[in-house]
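Undergrad: Okay, so here is target.tsv, and as you'll see once you scroll down, it has TSV, C-alpha atoms and all ligand atoms.
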chain	number	residue	atom	x	y	z
A	18	MET	CA	0.36	19.50	0.49
A	19	LEU	CA	2.20	21.49	-2.18
A	20	LYS	CA	-0.81	23.75	-2.60
A	21	ASN	CA	-0.87	24.34	1.15
A	22	ASN	CA	2.83	25.02	1.26
A	23	PHE	CA	3.81	22.13	3.54
A	24	ASN	CA	7.46	22.05	4.41
A	25	ARG	CA	9.78	19.61	6.16
A	26	SER	CA	8.96	20.88	9.63
A	27	ASP	CA	5.27	20.08	9.06
A	28	CYS	CA	3.78	16.78	10.06
A	29	LEU	CA	1.48	14.44	8.20
A	30	ILE	CA	-0.96	12.59	10.46
A	31	ALA	CA	-2.54	9.42	9.05
A	32	VAL	CA	-5.73	8.21	10.74
A	33	GLY	CA	-7.10	5.01	9.23
A	34	GLY	CA	-6.46	1.43	8.23
A	35	GLY	CA	-3.42	-0.03	6.52
A	36	ILE	CA	-4.24	1.56	3.18
A	37	VAL	CA	-4.42	5.08	4.61
A	38	GLY	CA	-1.23	4.40	6.60
A	39	ASP	CA	0.73	2.98	3.66
A	40	VAL	CA	-0.30	5.70	1.20
A	41	SER	CA	0.27	8.52	3.72
A	42	ALA	CA	3.65	7.14	4.74
A	43	PHE	CA	4.66	6.84	1.09
A	44	ALA	CA	3.58	10.45	0.48
A	45	ALA	CA	5.48	11.59	3.59
A	46	SER	CA	8.60	9.75	2.46
A	47	ILE	CA	8.77	11.41	-0.96
A	48	PHE	CA	7.34	14.86	-0.18
A	49	LYS	CA	10.34	17.23	-0.16
A	50	ARG	CA	12.36	14.07	0.55
A	51	GLY	CA	10.75	13.46	3.90
A	52	LEU	CA	8.05	14.92	6.10
A	53	LYS	CA	7.35	14.18	9.76
A	54	LEU	CA	4.81	11.42	10.15
A	55	ILE	CA	2.41	10.29	12.85
A	56	ASN	CA	0.42	7.14	12.19
A	57	ILE	CA	-2.83	6.47	14.07
A	58	PRO	CA	-3.91	3.01	12.90
A	59	THR	CA	-7.62	2.27	13.28
A	60	THR	CA	-7.86	-1.37	12.17
A	61	LEU	CA	-6.49	-4.35	14.05
A	62	LEU	CA	-4.31	-5.26	11.07
A	63	ALA	CA	-2.83	-1.78	10.96
A	64	GLN	CA	-2.24	-1.76	14.74
A	65	VAL	CA	-0.40	-5.09	14.81
A	66	ASP	CA	1.29	-5.06	11.46
A	67	SER	CA	1.26	-2.29	8.85
A	68	SER	CA	1.95	0.62	11.23
A	69	ILE	CA	5.09	-1.10	12.52
A	70	GLY	CA	8.22	-1.51	10.46
A	71	GLY	CA	8.25	1.38	8.01
A	72	LYS	CA	7.18	-0.33	4.80
A	73	THR	CA	5.16	2.06	2.65
A	74	GLY	CA	3.56	1.33	-0.68
A	75	ILE	CA	0.97	1.94	-3.32
A	76	ASN	CA	-0.53	-0.37	-5.92
A	77	SER	CA	-0.27	0.01	-9.68
A	78	LYS	CA	-1.78	-1.84	-12.60
A	79	PHE	CA	1.34	-4.05	-12.51
A	80	GLY	CA	0.63	-5.35	-9.02
A	81	LYS	CA	0.27	-4.67	-5.31
A	82	ASN	CA	2.83	-2.58	-3.43
A	83	LEU	CA	5.37	-2.57	-6.25
A	84	ILE	CA	6.02	1.15	-5.70
A	85	GLY	CA	7.12	2.09	-2.22
A	86	SER	CA	9.82	2.95	0.26
A	87	PHE	CA	11.05	2.23	3.76
A	88	TYR	CA	10.13	5.17	5.99
A	89	GLN	CA	9.69	5.09	9.75
A	90	PRO	CA	7.00	7.21	11.40
A	91	ASN	CA	8.00	9.53	14.25
A	92	LEU	CA	5.15	8.18	16.34
A	93	VAL	CA	2.46	5.47	16.20
A	94	ILE	CA	-0.62	5.77	18.42
A	95	SER	CA	-2.82	2.68	18.72
A	96	ASP	CA	-6.13	3.10	20.50
A	97	ILE	CA	-8.20	-0.06	20.84
A	98	ASP	CA	-11.41	1.98	21.12
A	99	PHE	CA	-11.29	2.40	17.34
A	100	LEU	CA	-11.68	-1.36	16.93
A	101	LYS	CA	-15.23	-1.58	18.24
A	102	TYR	CA	-16.53	-0.19	14.94
A	103	LEU	CA	-14.67	-2.77	12.85
A	104	PRO	CA	-16.58	-5.61	11.19
A	105	LYS	CA	-15.67	-9.10	12.46
A	106	ARG	CA	-14.08	-10.02	9.12
A	107	GLU	CA	-11.63	-7.11	9.51
A	108	ILE	CA	-10.83	-8.20	13.08
A	109	ILE	CA	-9.94	-11.65	11.74
A	110	CYS	CA	-7.63	-9.99	9.20
A	111	GLY	CA	-5.60	-8.51	12.05
A	112	TYR	CA	-5.82	-11.69	14.08
A	113	ALA	CA	-4.23	-13.60	11.17
A	114	GLU	CA	-1.09	-11.44	11.48
A	115	ILE	CA	-1.05	-11.78	15.29
A	116	PHE	CA	-1.22	-15.56	14.87
A	117	LYS	CA	1.55	-15.42	12.25
A	118	HIS	CA	3.81	-13.47	14.62
A	119	SER	CA	3.36	-16.09	17.34
A	120	ILE	CA	4.34	-18.94	14.98
A	121	ILE	CA	7.42	-17.03	13.83
A	122	ALA	CA	8.82	-16.15	17.20
A	123	ASP	CA	7.05	-17.15	20.39
A	124	ARG	CA	5.59	-20.51	21.46
A	125	LYS	CA	4.30	-19.08	24.76
A	126	PHE	CA	2.41	-16.38	22.90
A	127	PHE	CA	1.04	-19.05	20.52
A	128	ASP	CA	-0.33	-20.97	23.53
A	129	PHE	CA	-1.86	-17.73	24.88
A	130	LEU	CA	-3.65	-17.27	21.55
A	131	ILE	CA	-4.89	-20.88	21.53
A	132	ARG	CA	-6.37	-20.34	25.01
A	133	ASN	CA	-7.82	-16.87	24.44
A	134	LYS	CA	-8.67	-16.65	20.73
A	135	LYS	CA	-12.39	-15.97	21.31
A	136	LYS	CA	-11.75	-13.25	23.89
A	137	ILE	CA	-9.24	-11.56	21.60
A	138	ILE	CA	-11.54	-11.67	18.57
A	139	ASN	CA	-14.35	-10.28	20.76
A	140	LEU	CA	-11.98	-7.46	21.84
A	141	LYS	CA	-12.09	-8.37	25.55
A	142	LYS	CA	-9.63	-6.49	27.73
A	143	PRO	CA	-6.88	-7.19	28.76
A	144	PHE	CA	-6.55	-10.01	26.20
A	145	ILE	CA	-6.79	-7.80	23.12
A	146	ASN	CA	-4.30	-5.33	24.63
A	147	LYS	CA	-1.76	-8.09	25.29
A	148	ALA	CA	-2.25	-9.61	21.83
A	149	ILE	CA	-1.60	-6.26	20.11
A	150	TYR	CA	1.36	-5.33	22.30
A	151	LYS	CA	3.09	-8.74	22.03
A	152	SER	CA	2.53	-8.81	18.30
A	153	CYS	CA	4.08	-5.34	17.85
A	154	LEU	CA	7.07	-6.34	20.00
A	155	ILE	CA	7.74	-9.42	17.87
A	156	LYS	CA	7.63	-7.40	14.65
A	157	LYS	CA	9.69	-4.56	16.19
A	158	ASN	CA	12.43	-6.95	17.35
A	159	ILE	CA	12.77	-8.42	13.87
A	160	VAL	CA	12.62	-5.09	12.00
A	161	GLU	CA	15.21	-3.50	14.29
A	162	LYS	CA	17.69	-6.18	13.25
A	163	ASP	CA	16.94	-6.04	9.51
A	164	GLU	CA	15.00	-2.93	8.52
A	165	ASN	CA	15.47	-3.33	4.75
A	166	GLU	CA	14.54	-7.02	4.57
A	167	LYS	CA	17.94	-8.38	3.58
A	168	ASN	CA	17.51	-11.51	5.70
A	169	LEU	CA	15.73	-11.89	9.06
A	170	ARG	CA	12.75	-9.71	8.15
A	171	LYS	CA	11.81	-12.19	5.42
A	172	LYS	CA	10.40	-14.34	8.25
A	173	LEU	CA	7.47	-11.95	8.49
A	174	ASN	CA	6.34	-13.19	5.08
A	175	LEU	CA	5.33	-16.56	6.51
A	176	GLY	CA	2.33	-17.82	4.53
A	177	HIS	CA	2.29	-14.71	2.34
A	178	THR	CA	3.58	-16.22	-0.93
A	179	PHE	CA	0.65	-18.62	-0.87
A	180	ALA	CA	-1.68	-15.88	0.43
A	181	HIS	CA	-0.80	-13.44	-2.37
A	182	SER	CA	-1.57	-16.05	-4.99
A	183	TYR	CA	-4.90	-16.91	-3.34
A	184	GLU	CA	-5.88	-13.22	-3.15
A	185	ALA	CA	-4.60	-12.35	-6.61
A	186	SER	CA	-6.46	-15.18	-8.26
A	187	PHE	CA	-9.70	-13.59	-7.02
A	188	LYS	CA	-8.40	-10.23	-8.27
A	189	TYR	CA	-8.44	-8.94	-4.67
A	190	SER	CA	-12.24	-9.08	-4.62
A	191	GLY	CA	-14.15	-9.48	-1.37
A	192	LYS	CA	-14.54	-13.24	-1.96
A	193	LEU	CA	-11.35	-13.83	-0.01
A	194	ASN	CA	-9.95	-10.92	1.96
A	195	HIS	CA	-6.29	-10.45	2.93
A	196	GLY	CA	-6.57	-11.94	6.43
A	197	GLU	CA	-8.46	-14.99	5.21
A	198	ALA	CA	-5.84	-15.46	2.48
A	199	VAL	CA	-3.08	-15.17	5.11
A	200	LEU	CA	-4.72	-17.82	7.30
A	201	LEU	CA	-5.05	-20.12	4.27
A	202	GLY	CA	-1.42	-19.31	3.40
A	203	ILE	CA	-0.19	-20.12	6.91
A	204	ASN	CA	-2.04	-23.42	6.72
A	205	SER	CA	-0.42	-24.18	3.35
A	206	ALA	CA	3.06	-23.24	4.61
A	207	SER	CA	2.53	-25.46	7.68
A	208	GLU	CA	1.38	-28.39	5.61
A	209	PHE	CA	4.30	-27.98	3.21
A	210	SER	CA	6.70	-27.81	6.20
A	211	LYS	CA	5.18	-31.02	7.56
A	212	GLN	CA	5.58	-32.74	4.20
A	213	LYS	CA	9.26	-31.67	4.22
A	214	ASN	CA	9.63	-33.37	7.62
A	215	LEU	CA	10.40	-30.09	9.34
A	216	LEU	CA	7.22	-29.52	11.32
A	217	SER	CA	5.85	-32.35	13.44
A	218	GLN	CA	2.40	-33.77	12.73
A	219	LYS	CA	1.36	-32.67	16.24
A	220	GLU	CA	2.33	-29.01	15.76
A	221	PHE	CA	0.85	-28.95	12.27
A	222	GLY	CA	-2.38	-30.23	13.85
A	223	LEU	CA	-2.37	-27.39	16.42
A	224	ILE	CA	-1.95	-24.70	13.74
A	225	SER	CA	-4.49	-26.24	11.42
A	226	LYS	CA	-7.08	-26.78	14.18
A	227	HIS	CA	-6.73	-23.18	15.34
A	228	ILE	CA	-7.36	-21.88	11.83
A	229	SER	CA	-10.41	-24.06	11.31
A	230	GLU	CA	-11.79	-22.95	14.69
A	231	ILE	CA	-11.59	-19.35	13.48
A	232	ASP	CA	-13.48	-20.27	10.32
A	233	LYS	CA	-14.14	-23.88	9.42
A	234	SER	CA	-14.68	-23.07	5.75
A	235	LEU	CA	-11.08	-21.83	5.45
A	236	LYS	CA	-9.74	-24.69	3.35
A	237	VAL	CA	-7.96	-24.30	0.01
A	238	ARG	CA	-10.27	-26.85	-1.59
A	239	ASN	CA	-13.33	-24.73	-0.66
A	240	TYR	CA	-12.04	-21.86	-2.79
A	241	PHE	CA	-10.20	-23.46	-5.70
A	242	LYS	CA	-10.62	-26.21	-8.25
A	243	ILE	CA	-7.92	-28.21	-9.98
A	244	LYS	CA	-8.24	-25.98	-13.04
A	245	ASP	CA	-7.07	-23.03	-10.85
A	246	ALA	CA	-3.76	-24.70	-9.93
A	247	LYS	CA	-1.89	-23.30	-12.93
A	248	LYS	CA	-3.05	-19.75	-12.19
A	249	LEU	CA	-2.10	-20.09	-8.50
A	250	LEU	CA	1.39	-21.22	-9.44
A	251	LYS	CA	1.76	-18.28	-11.84
A	252	TYR	CA	0.94	-15.81	-9.06
A	253	MET	CA	3.35	-17.54	-6.65
A	254	LYS	CA	6.08	-17.30	-9.27
A	255	ASN	CA	5.43	-13.58	-9.73
A	256	ASP	CA	5.83	-12.89	-6.02
A	257	LYS	CA	8.36	-10.11	-5.57
A	258	LYS	CA	10.36	-12.21	-3.10
A	259	ASN	CA	11.47	-14.56	-5.90
A	260	ASN	CA	14.56	-13.66	-7.84
A	261	SER	CA	14.91	-16.84	-9.86
A	262	ASP	CA	12.61	-19.38	-11.50
A	263	LYS	CA	12.36	-21.16	-8.18
A	264	ILE	CA	9.79	-20.31	-5.53
A	265	ASN	CA	11.03	-18.93	-2.23
A	266	LEU	CA	9.09	-20.04	0.85
A	267	ILE	CA	9.26	-19.43	4.58
A	268	LEU	CA	8.99	-22.79	6.32
A	269	ILE	CA	8.17	-23.69	9.92
A	270	ASN	CA	10.67	-25.82	11.85
A	271	LYS	CA	8.57	-25.72	14.98
A	272	ILE	CA	6.09	-23.30	16.50
A	273	GLY	CA	8.24	-20.27	17.39
A	274	LYS	CA	10.97	-20.99	14.81
A	275	VAL	CA	10.85	-20.50	11.05
A	276	SER	CA	13.46	-20.49	8.28
A	277	TYR	CA	13.69	-18.28	5.19
A	278	ASP	CA	15.22	-18.60	1.72
A	279	ASN	CA	13.99	-22.11	1.01
A	280	PHE	CA	13.84	-22.44	-2.78
A	281	PHE	CA	11.69	-25.01	-4.56
A	282	HIS	CA	11.13	-26.06	-8.15
A	283	GLN	CA	7.83	-24.95	-9.60
A	284	LYS	CA	6.94	-28.57	-10.34
A	285	GLU	CA	7.10	-29.47	-6.68
A	286	ILE	CA	4.95	-26.51	-5.66
A	287	SER	CA	2.47	-27.26	-8.42
A	288	LYS	CA	2.12	-30.82	-7.12
A	289	PHE	CA	1.61	-29.50	-3.60
A	290	ILE	CA	-1.08	-27.01	-4.67
A	291	ARG	CA	-2.94	-29.77	-6.46
A	292	SER	CA	-2.69	-32.03	-3.41
A	293	GLN	CA	-4.27	-29.29	-1.29
A	294	ILE	CA	-7.17	-28.92	-3.67
A	295	TYR	CA	-7.70	-32.68	-3.76
A	296	SER	CA	-7.21	-33.21	-0.03
A	297	ILE	CA	-10.13	-34.41	2.06
B	301	LIG	N1	3.20	-1.57	5.43
B	301	LIG	C1	3.15	-2.83	5.86
B	301	LIG	O1	4.10	-3.36	6.45
B	301	LIG	C2	1.89	-3.60	5.64
B	301	LIG	C3	1.70	-4.81	6.32
B	301	LIG	C4	0.49	-5.49	6.15
B	301	LIG	C5	-0.48	-4.96	5.31
B	301	LIG	N2	-0.25	-3.79	4.67
B	301	LIG	C6	-1.27	-3.20	3.79
B	301	LIG	O2	-2.36	-2.81	4.61
B	301	LIG	C7	-3.54	-2.80	3.82
B	301	LIG	C8	-4.65	-3.48	4.57
B	301	LIG	O3	-4.90	-2.77	5.75
B	301	LIG	P1	-6.31	-2.89	6.50
B	301	LIG	O4	-6.60	-4.31	6.73
B	301	LIG	O5	-6.25	-1.97	7.66
B	301	LIG	O6	-7.34	-2.44	5.39
B	301	LIG	P2	-8.00	-1.03	5.01
B	301	LIG	O7	-7.08	0.10	5.23
B	301	LIG	O8	-8.58	-1.23	3.68
B	301	LIG	O9	-9.18	-0.95	6.07
B	301	LIG	C9	-10.19	-1.93	6.07
B	301	LIG	C10	-11.58	-1.30	6.05
B	301	LIG	O10	-11.87	-0.86	7.37
B	301	LIG	C11	-12.33	0.51	7.34
B	301	LIG	N3	-11.94	1.04	8.64
B	301	LIG	C12	-10.74	1.51	9.05
B	301	LIG	N4	-10.76	1.75	10.38
B	301	LIG	C13	-12.02	1.46	10.81
B	301	LIG	C14	-12.66	1.48	12.09
B	301	LIG	N5	-12.01	1.83	13.19
B	301	LIG	N6	-13.94	1.08	12.16
B	301	LIG	C15	-14.62	0.68	11.05
B	301	LIG	N7	-14.06	0.61	9.82
B	301	LIG	C16	-12.77	0.99	9.71
B	301	LIG	C17	-11.66	1.08	6.12
B	301	LIG	O11	-12.34	2.20	5.64
B	301	LIG	C18	-11.72	-0.09	5.15
B	301	LIG	O12	-12.98	-0.18	4.54
B	301	LIG	C19	-3.19	-3.50	2.50
B	301	LIG	O13	-3.07	-2.53	1.49
B	301	LIG	C20	-1.85	-4.15	2.78
B	301	LIG	O14	-1.05	-4.24	1.64
B	301	LIG	C21	0.90	-3.11	4.83
Take the structure in this file and express it as structure tokens.
TA:
Amino acid sequence: MLKNNFNRSDCLIAVGGGIVGDVSAFAASIFKRGLKLINIPTTLLAQVDSSIGGKTGINSKFGKNLIGSFYQPNLVISDIDFLKYLPKREIICGYAEIFKHSIIADRKFFDFLIRNKKKIINLKKPFINKAIYKSCLIKKNIVEKDENEKNLRKKLNLGHTFAHSYEASFKYSGKLNHGEAVLLGINSASEFSKQKNLLSQKEFGLISKHISEIDKSLKVRNYFKIKDAKKLLKYMKNDKKNNSDKINLILINKIGKVSYDNFFHQKEISKFIRSQIYSI
């Protein structure tokens, strides 16, 4: 952009998945202290999640997304026609975030997903349109109240502390992709919430059943052995949301309502991780 003499009245247009969007938005945010930005997300994950909310970031050898900024695009254009070229595994990645949004904020939307999961994953209209639109609205409503993630926005990290540790322990290889890790993470957060007597057994069952209907192999014990528990805890501890030795989790009170800033001793989380690996 410097070579081509871009200036602040020029516009950067990002066309691609979440990685293209995040890197372009980061570049736009620092180039001459801010360039106009249009984001055209082409994956389901980018349409329902990364293109909304203004978080930008790049990875470094120290970890994922540790360098970044908050920078809102001037315009986001989501066209579902892009999605027909996406592999099913990438569709599930986006669906994981849609499902997460419903648990955070909207029981009716959760029920809609339970009823129409197959149609959404197969990109049937108008189900896919509604799922994307509702999901964006939920994220937008939260971000508008807390753009810089001081409080409310933390809710959007539901399942992600577990998910990051699952992904990181495979060194972000294809063995477990982000969406699969998020679904595993949501399941872990639900189970932990049930154990804390917050979430009812019935609602835990609904969440867990939905995840196993998407992919019945998505169980922590299918990916990890007891010897991995220490490593998983280490990655959870390193999560950038923690600012003490304790581990900060988003918990589910009921479908549609979650709470943030719940701190737990590492010992308790370690015991929980082990119980998930042992569970039948
Ligand atoms: N900024 C945020 O708030 C936020 C939120 C969630 C995730 N993220 C970030 O988003 C990234 C993941 O995004 P993603 O899931 O879109 O992954 P991605 O950008 O890697 O895209 C996934 C794959 O799909 C391909 N692709 C893109 N569009 C396609 C299309 N229409 N048809 C066929 N293939 C297509 C890409 O080339 C890539 O191989 C991660 O880096 C994550 O950290 C950011």
Undergrad: Around all of ligand LIG 301 (chain B)'s listed atoms, make the axis-aligned box with 3 Å on each side and tell me centre and edge lengths in Å to one decimal, as lines of an AutoDock Vina configuration file.
TA:
center_x = -5.3
center_y = -1.6
center_z = 7.3
size_x = 24.7
size_y = 13.7
size_z = 17.7
Undergrad: Using atom CA of A:Phe129 and atom CA of A:Phe144 as the two end points, give the distance in Å to one decimal.
TA: 9.1 Å
Undergrad: Would you work out the distance separating atom N7 of ligand LIG 301 (chain B) from atom CA of A:Ile228, expressed in Å to one decimal?
TA: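 Atom-to-atom, atom N7 of ligand LIG 301 (chain B) and atom CA of A:Ile228 are spaced 23.6 Å apart.
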Undergrad: Restricting the calculation to only C-alpha atoms and all ligand atoms: of A:Tyr102, A:Phe43, A:Phe127, A:Tyr88, which residue gets closest to ligand LIG 301 (chain B)?
TA: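 Among A:Tyr102, A:Phe43, A:Phe127, A:Tyr88, it is A:Tyr102 that comes nearest to ligand LIG 301 (chain B).
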Undergrad: When distances are computed from all atoms listed in the file, which of A:Gln89, A:Ser276, A:Ser77, A:Ser225 shows the smallest separation from A:Lys172?
TA: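 Looking at the shortest contact to A:Lys172, the residue is A:Ser276.
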Undergrad: Pick the closest to ligand LIG 301 (chain B) from A:Tyr277, A:Tyr189, A:Phe48, A:Phe241: which is it, counting only C-alpha atoms and all ligand atoms?
TA: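 Under the stated criterion, the closest residue is A:Tyr189.
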Undergrad: Contacts of A:Ala31 at 6 Å or less, counting all atoms listed in the file, minus same-chain residues fewer than 2 places along, as a ChimeraX atom specification?
TA: /A:38,56-57
Undergrad: Can you pull out the residues contacting A:Lys156? Cut-off 9 Å, using only C-alpha atoms, and skip same-chain residues under 4 positions away; I want them as a ChimeraX atom specification.
TA: /A:65-66,69-70,118,151-152,160-161,170,173
Undergrad: Using all atoms listed in the file, pick whichever of A:Leu54, A:Ile269, A:Leu83, A:Ile121 has the shortest atom-to-atom distance to ligand LIG 301 (chain B).
TA: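 That would be A:Leu83, the residue with the smallest distance to ligand LIG 301 (chain B).
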Undergrad: Which distance in Å separates atom CA of A:Pro90 and atom CA of A:Val37, to one decimal?
TA: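 The value is 13.5 Å.
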Undergrad: For A:Thr60, which residue among A:Ile108, A:Ala148, A:Val275, A:Ile203 is the nearest when counting only C-alpha atoms?
TA: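 For A:Thr60, the nearest of the given residues is A:Ile108.
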Undergrad: Between A:Lys20, A:Lys49, A:Lys142, A:Lys271, which residue has the minimum interatomic distance to A:Ser217, considering only C-alpha atoms?
TA: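 Answer, going by the shortest atom-to-atom distance: A:Lys271.
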Undergrad: Do you know which residues are at most 12 Å from A:Tyr112 counting all atoms listed in the file, after dropping those on the same chain fewer than 6 positions away, and could you put them as a ChimeraX atom specification?
TA: /A:60-66,105-106,118-119,127,130-131,133-140,145,148-149,152,195-197,199-200,227-228,231
Undergrad: Hey, which residues sit close to ligand LIG 301 (chain B)? Say within 7 Å, counting only C-alpha atoms and all ligand atoms, and write them as an MDAnalysis selection string.
TA: chainID A and resid 33:37 39 59:63 66:74 82 99:104 107 110:111
Undergrad: Given the selection you just returned, output its residues as a file containing C-alpha atoms, formatted as an mmCIF file, in the frame of the given file.
TA:
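Final file, result-v8.cif:
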data_model
loop_
_atom_site.group_PDB
_atom_site.id
_atom_site.type_symbol
_atom_site.label_atom_id
_atom_site.label_comp_id
_atom_site.auth_asym_id
_atom_site.auth_seq_id
_atom_site.Cartn_x
_atom_site.Cartn_y
_atom_site.Cartn_z
ATOM 1 C CA GLY A 33 -7.100 5.010 9.230
ATOM 2 C CA GLY A 34 -6.460 1.430 8.230
ATOM 3 C CA GLY A 35 -3.420 -0.030 6.520
ATOM 4 C CA ILE A 36 -4.240 1.560 3.180
ATOM 5 C CA VAL A 37 -4.420 5.080 4.610
ATOM 6 C CA ASP A 39 0.730 2.980 3.660
ATOM 7 C CA THR A 59 -7.620 2.270 13.280
ATOM 8 C CA THR A 60 -7.860 -1.370 12.170
ATOM 9 C CA LEU A 61 -6.490 -4.350 14.050
ATOM 10 C CA LEU A 62 -4.310 -5.260 11.070
ATOM 11 C CA ALA A 63 -2.830 -1.780 10.960
ATOM 12 C CA ASP A 66 1.290 -5.060 11.460
ATOM 13 C CA SER A 67 1.260 -2.290 8.850
ATOM 14 C CA SER A 68 1.950 0.620 11.230
ATOM 15 C CA ILE A 69 5.090 -1.100 12.520
ATOM 16 C CA GLY A 70 8.220 -1.510 10.460
ATOM 17 C CA GLY A 71 8.250 1.380 8.010
ATOM 18 C CA LYS A 72 7.180 -0.330 4.800
ATOM 19 C CA THR A 73 5.160 2.060 2.650
ATOM 20 C CA GLY A 74 3.560 1.330 -0.680
ATOM 21 C CA ASN A 82 2.830 -2.580 -3.430
ATOM 22 C CA PHE A 99 -11.290 2.400 17.340
ATOM 23 C CA LEU A 100 -11.680 -1.360 16.930
ATOM 24 C CA LYS A 101 -15.230 -1.580 18.240
ATOM 25 C CA TYR A 102 -16.530 -0.190 14.940
ATOM 26 C CA LEU A 103 -14.670 -2.770 12.850
ATOM 27 C CA PRO A 104 -16.580 -5.610 11.190
ATOM 28 C CA GLU A 107 -11.630 -7.110 9.510
ATOM 29 C CA CYS A 110 -7.630 -9.990 9.200
ATOM 30 C CA GLY A 111 -5.600 -8.510 12.050
#
Undergrad: Can you pull out every residue within 7 Å of stretch 177-184 of chain A, counting only C-alpha atoms, but drop anything in the same chain fewer than 3 positions away, and send it as a list in words?
TA: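 My list of contacting residues is Asn174, Phe187, Lys188, Tyr189, Leu193, Asn194, His195, Ala198, Val199, Leu201, Gly202, Leu249, Tyr252, Met253, Asp256 and Leu266 of chain A.
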Undergrad: Selection from above, C-alpha atoms, as a short mmCIF file (atom, residue, chain, number, x, y, z; two decimals), in the coordinates of the input, can you write it?
TA:
data_model
loop_
_atom_site.label_atom_id
_atom_site.label_comp_id
_atom_site.auth_asym_id
_atom_site.auth_seq_id
_atom_site.Cartn_x
_atom_site.Cartn_y
_atom_site.Cartn_z
CA ASN A 174 6.34 -13.19 5.08
CA PHE A 187 -9.70 -13.59 -7.02
CA LYS A 188 -8.40 -10.23 -8.27
CA TYR A 189 -8.44 -8.94 -4.67
CA LEU A 193 -11.35 -13.83 -0.01
CA ASN A 194 -9.95 -10.92 1.96
CA HIS A 195 -6.29 -10.45 2.93
CA ALA A 198 -5.84 -15.46 2.48
CA VAL A 199 -3.08 -15.17 5.11
CA LEU A 201 -5.05 -20.12 4.27
CA GLY A 202 -1.42 -19.31 3.40
CA LEU A 249 -2.10 -20.09 -8.50
CA TYR A 252 0.94 -15.81 -9.06
CA MET A 253 3.35 -17.54 -6.65
CA ASP A 256 5.83 -12.89 -6.02
CA LEU A 266 9.09 -20.04 0.85
#
Undergrad: Can you tell me, as an MDAnalysis selection string, what residues are no more than 12 Å from A:Phe23 when counting all atoms listed in the file, ignoring any on the same chain fewer than 6 positions away?
TA: chainID A and resid 29 45 48:49 51:53
Undergrad: List as a PyMOL selection string: which residues have an atom within 12 Å of (-2.0, -22.5, -12.3), counting all atoms listed in the file?
TA: chain A and resi 182-183+185-186+241-255+283-284+286-291+294
Undergrad: Could you complete stretch 263-272 of chain A so that it carries N, CA, C and O atoms, and give it back as a PDB file, in the coordinates of the input?
TA:
ATOM      1  N   LYS A 263      12.835 -20.353  -9.310  1.00  0.00           N
ATOM      2  CA  LYS A 263      12.360 -21.160  -8.180  1.00  0.00           C
ATOM      3  C   LYS A 263      11.450 -20.319  -7.272  1.00  0.00           C
ATOM      4  O   LYS A 263      11.477 -19.092  -7.322  1.00  0.00           O
ATOM      5  N   ILE A 264      10.710 -21.022  -6.432  1.00  0.00           N
ATOM      6  CA  ILE A 264       9.790 -20.310  -5.530  1.00  0.00           C
ATOM      7  C   ILE A 264      10.364 -20.333  -4.114  1.00  0.00           C
ATOM      8  O   ILE A 264      10.785 -21.376  -3.616  1.00  0.00           O
ATOM      9  N   ASN A 265      10.399 -19.139  -3.532  1.00  0.00           N
ATOM     10  CA  ASN A 265      11.030 -18.930  -2.230  1.00  0.00           C
ATOM     11  C   ASN A 265       9.961 -18.978  -1.129  1.00  0.00           C
ATOM     12  O   ASN A 265       9.036 -18.179  -1.136  1.00  0.00           O
ATOM     13  N   LEU A 266      10.108 -19.919  -0.205  1.00  0.00           N
ATOM     14  CA  LEU A 266       9.090 -20.040   0.850  1.00  0.00           C
ATOM     15  C   LEU A 266       9.697 -19.935   2.251  1.00  0.00           C
ATOM     16  O   LEU A 266      10.844 -20.330   2.463  1.00  0.00           O
ATOM     17  N   ILE A 267       8.888 -19.413   3.165  1.00  0.00           N
ATOM     18  CA  ILE A 267       9.260 -19.430   4.580  1.00  0.00           C
ATOM     19  C   ILE A 267       8.673 -20.733   5.130  1.00  0.00           C
ATOM     20  O   ILE A 267       7.482 -20.991   4.943  1.00  0.00           O
ATOM     21  N   LEU A 268       9.489 -21.524   5.789  1.00  0.00           N
ATOM     22  CA  LEU A 268       8.990 -22.790   6.320  1.00  0.00           C
ATOM     23  C   LEU A 268       9.059 -22.788   7.852  1.00  0.00           C
ATOM     24  O   LEU A 268       9.843 -22.051   8.449  1.00  0.00           O
ATOM     25  N   ILE A 269       8.237 -23.647   8.443  1.00  0.00           N
ATOM     26  CA  ILE A 269       8.170 -23.690   9.920  1.00  0.00           C
ATOM     27  C   ILE A 269       8.930 -24.921  10.414  1.00  0.00           C
ATOM     28  O   ILE A 269       8.613 -26.053  10.030  1.00  0.00           O
ATOM     29  N   ASN A 270       9.933 -24.699  11.258  1.00  0.00           N
ATOM     30  CA  ASN A 270      10.670 -25.820  11.850  1.00  0.00           C
ATOM     31  C   ASN A 270       9.911 -26.354  13.057  1.00  0.00           C
ATOM     32  O   ASN A 270       9.781 -27.548  13.252  1.00  0.00           O
ATOM     33  N   LYS A 271       9.476 -25.401  13.865  1.00  0.00           N
ATOM     34  CA  LYS A 271       8.570 -25.720  14.980  1.00  0.00           C
ATOM     35  C   LYS A 271       7.858 -24.421  15.350  1.00  0.00           C
ATOM     36  O   LYS A 271       8.286 -23.334  14.890  1.00  0.00           O
ATOM     37  N   ILE A 272       6.814 -24.529  16.149  1.00  0.00           N
ATOM     38  CA  ILE A 272       6.090 -23.300  16.500  1.00  0.00           C
ATOM     39  C   ILE A 272       7.051 -22.400  17.283  1.00  0.00           C
ATOM     40  O   ILE A 272       7.611 -22.819  18.296  1.00  0.00           O
TER      41      ILE A 272
END
